[in-house]
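Below is one structure; the comments refer to it alone.
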Amino acid sequence: MTDPAVPAWHAVALAADIEPGTSAGTRLHDRELVVWRDSAGASHVWEDRCPHRGMRLSFGFVRGDHIACLYHGWAYDTAGQCRAIPAHPDLAVPETIRVPTYASAEASGLIFVWSEMGATPMSPPAARPLTALRSLFVEATPERVAALLAGRFAPGPDGSFAGCLAGADVVLFLQPFTAERTGLHVTIDGAGDGALVSRGAEALRHAIEAAAPSRFASLEFAA
Amino acid sequence: MSQPLESPRLVLHDYELDADCYKVRLLLALLGARYERLAVDVHPGHEERSPAYLALNPRGSLPILEQDGLVLAEAEAILLHCAGLLPGGGALVPQDGADHARMLSWLFFARGPLAAAGLARLHAMLEAPGDGPALERQALAAFRVMEDHMTAQRIAGSDWFVGAAPSLADVALFPAIALSRDFGVDHDAYPALRRWMRRVRALPGFVTMPGIPDYH
């Protein structure tokens with residue numbers, strides 16, 4: 001799950017956190033991605049780089065079904081194809097000006113991206129009746145977070161971790177952000193007090209960051 | 001309580017790139033207030049520490065607000081004063097005692113732990129003295145406190161730092177995170193703060209400053 005060489009679905013955001021007409025930057029295995037939602041409600045995950053000057057597209061703005069770069073306003077349609085260059089309004093934009101895209105899908109209240117750029121995955125991410133609660137980011141390597149979580153939660157086939165947190169059944173989705181930082185997307189399975197689970201997730205983050213940097217370390221905190 | 005018949009004459013001693021000056025400009029813009037703006041040559045002139053300015057404000061800091069003989073330094077004090085003075089300002093100060101105290105607590109947070117973000121930015125942009133990596137770590141710790149708080153607020157159904165409505169806390173906390181890219185901190189890890197910043201941007205009268213994109 002944390003091996004970048006093995007293509008997989010990874011949660012990168014809560015669906016509700018990417019509101020229509022907005023964009024956000026994120027990372028997967030240290031690669032910069034932009035997650036954005038067009039005005040019609042469809043979400044997209046691309047390489048976070050305008051082909052013109054390399055500016056992060058996540059700094060830009062969404063207009064209708066296009067996302068535009070903050071630097072010079074180059075606008076891209078939902079397929080990543082550049083459609084407008086404001087400095088050259090009469091130019092028929094060449095087909096070669098294109099942003100590399102990733103396959104993405106929404107399931108369980110989360111936005112998932114297929115980690116291999118441009119590839120078509122065999123099947124969509126598993127859709128489960130979960131309630132997406134929050135994302136949080138842990139200052140620890142993905143391998144270490146996965147190893148520590150495996151001591152307290154049950155690893156699932158999709159790379160998630162299921163268990164009890166603050167009195168609720170939760171499923172945690174791990175995002176290998178960079179070599180030093182790991183995203184955790186917290187979902188509740190069934191009923192649970194969102195405020196309590198959110199604080200529980202903060203305690204979990206603290207326990208992971210405080211755990212001695214040994215492969216024998218385990219998490220010590222109140223469930 | 002009677003409203004002033006005439007708008008008070010306000011003079012703001014201001015530096016365009018200063019995040020604390022921006023706080024005050026943002027509040028005055030949200031309140032639609034008229035004021036006189038005197039540009040101070042902070043970089044590279046250090047005019048705020050000239051004899052004339054030290055005579056006005058011995059702290060050598062900006063912003064400075066002048067109003068009818070009052071000379072006031074420190075952005076959060078200016079925010080409180082203006083909110084009490086100007087029409088519409090009262091809506092940004094919670095009436096409820098506990099919420100009022102919470103607002104004050106965030107104003108002190110903006111001056112305390114979050115001040116590291118302002119120093120990290122000045123270190124990165126204007127080569128102001130300081131331990132850059134240490135300031136960035138302190139800024140990240142403060143941003144995490146804010147992110148966790150706004151996550152809890154979102155779960156509780158509020159878009160704002162205190163209670164269910166915008167307050168001076170939102171004005172005081174906005175510049176540091178909105179300008180964090182100036183010292184290399186992206187907003188990737190702050191979904192709750194991104195959401196909140198969009199709400200702040202949507203407030204009537206909202207203004208930007210250099211470093212905060214103007215596209216909404």
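Residue numbering restarts at 1 in every chain; chains get A, B, ... in the order shown in the structure tokens, and ligands count up from 1 in that same order.
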
Using only C-alpha atoms, what table do you get, as JSON lines, when you list each residue of region 93-161 of chain A with an atom no more than 10 Å from region 200-203 of chain A, its nearest pair of atoms, and their distance in Å rounded to one decimal, rows by chain then rising number?
```
{"residue": "A:Arg134", "atom": "CA", "partner": "A:Ala201", "partner_atom": "CA", "distance": 9.0}
{"residue": "A:Ser135", "atom": "CA", "partner": "A:Ala201", "partner_atom": "CA", "distance": 9.3}
{"residue": "A:Leu136", "atom": "CA", "partner": "A:Glu202", "partner_atom": "CA", "distance": 7.9}
{"residue": "A:Phe137", "atom": "CA", "partner": "A:Glu202", "partner_atom": "CA", "distance": 9.5}
{"residue": "A:Val138", "atom": "CA", "partner": "A:Glu202", "partner_atom": "CA", "distance": 9.4}
```

Write the residues of the selection above to a file with N, CA and C atoms, as a JSON list (two decimals), in the first residue's frame.
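The resulting file, result21.json, is reproduced below:
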```json
[["chain", "number", "residue", "atom", "x", "y", "z"],
["A", 134, "ARG", "N", -13.10, 13.46, 8.56],
["A", 134, "ARG", "CA", -12.06, 14.49, 8.45],
["A", 134, "ARG", "C", -10.78, 13.90, 7.89],
["A", 135, "SER", "N", -9.91, 14.78, 7.42],
["A", 135, "SER", "CA", -8.55, 14.41, 7.05],
["A", 135, "SER", "C", -7.62, 15.01, 8.09],
["A", 136, "LEU", "N", -6.50, 14.33, 8.35],
["A", 136, "LEU", "CA", -5.45, 14.96, 9.13],
["A", 136, "LEU", "C", -4.11, 14.42, 8.66],
["A", 137, "PHE", "N", -3.06, 15.13, 9.00],
["A", 137, "PHE", "CA", -1.75, 14.83, 8.44],
["A", 137, "PHE", "C", -0.75, 14.60, 9.56],
["A", 138, "VAL", "N", -0.02, 13.50, 9.43],
["A", 138, "VAL", "CA", 0.89, 13.04, 10.47],
["A", 138, "VAL", "C", 2.31, 13.25, 10.00]]
```

field: Distance filter 8 Å, only C-alpha atoms, chain A against chain B, as number ranges by chain
entry: A: 17, 24-27, 61, 70, 133-137, 194-195, 198

- request: Considering only C-alpha atoms, return as a PyMOL selection string whatever protein or nucleic-acid residues lie within 8 Å of Ala13 (chain A), sequence-local ones (same chain, fewer than 2 positions apart) excluded.
  value: chain A and resi 11+15+17-18+110-112+135+185

- prompt: Using only C-alpha atoms, which residues sit within 12 Å of Gly80 (chain A) once same-chain residues fewer than 4 positions away are excluded, as a ChimeraX atom specification?
  reply: /A:34,36,44-51,57,65-68,74-76,84,95-103,118

message: I'd like the contact shell of Arg37 (chain B) - 9 Å cut-off, only C-alpha atoms, skipping same-chain residues fewer than 6 positions apart - returned as number ranges by chain.
response: B: 10-14
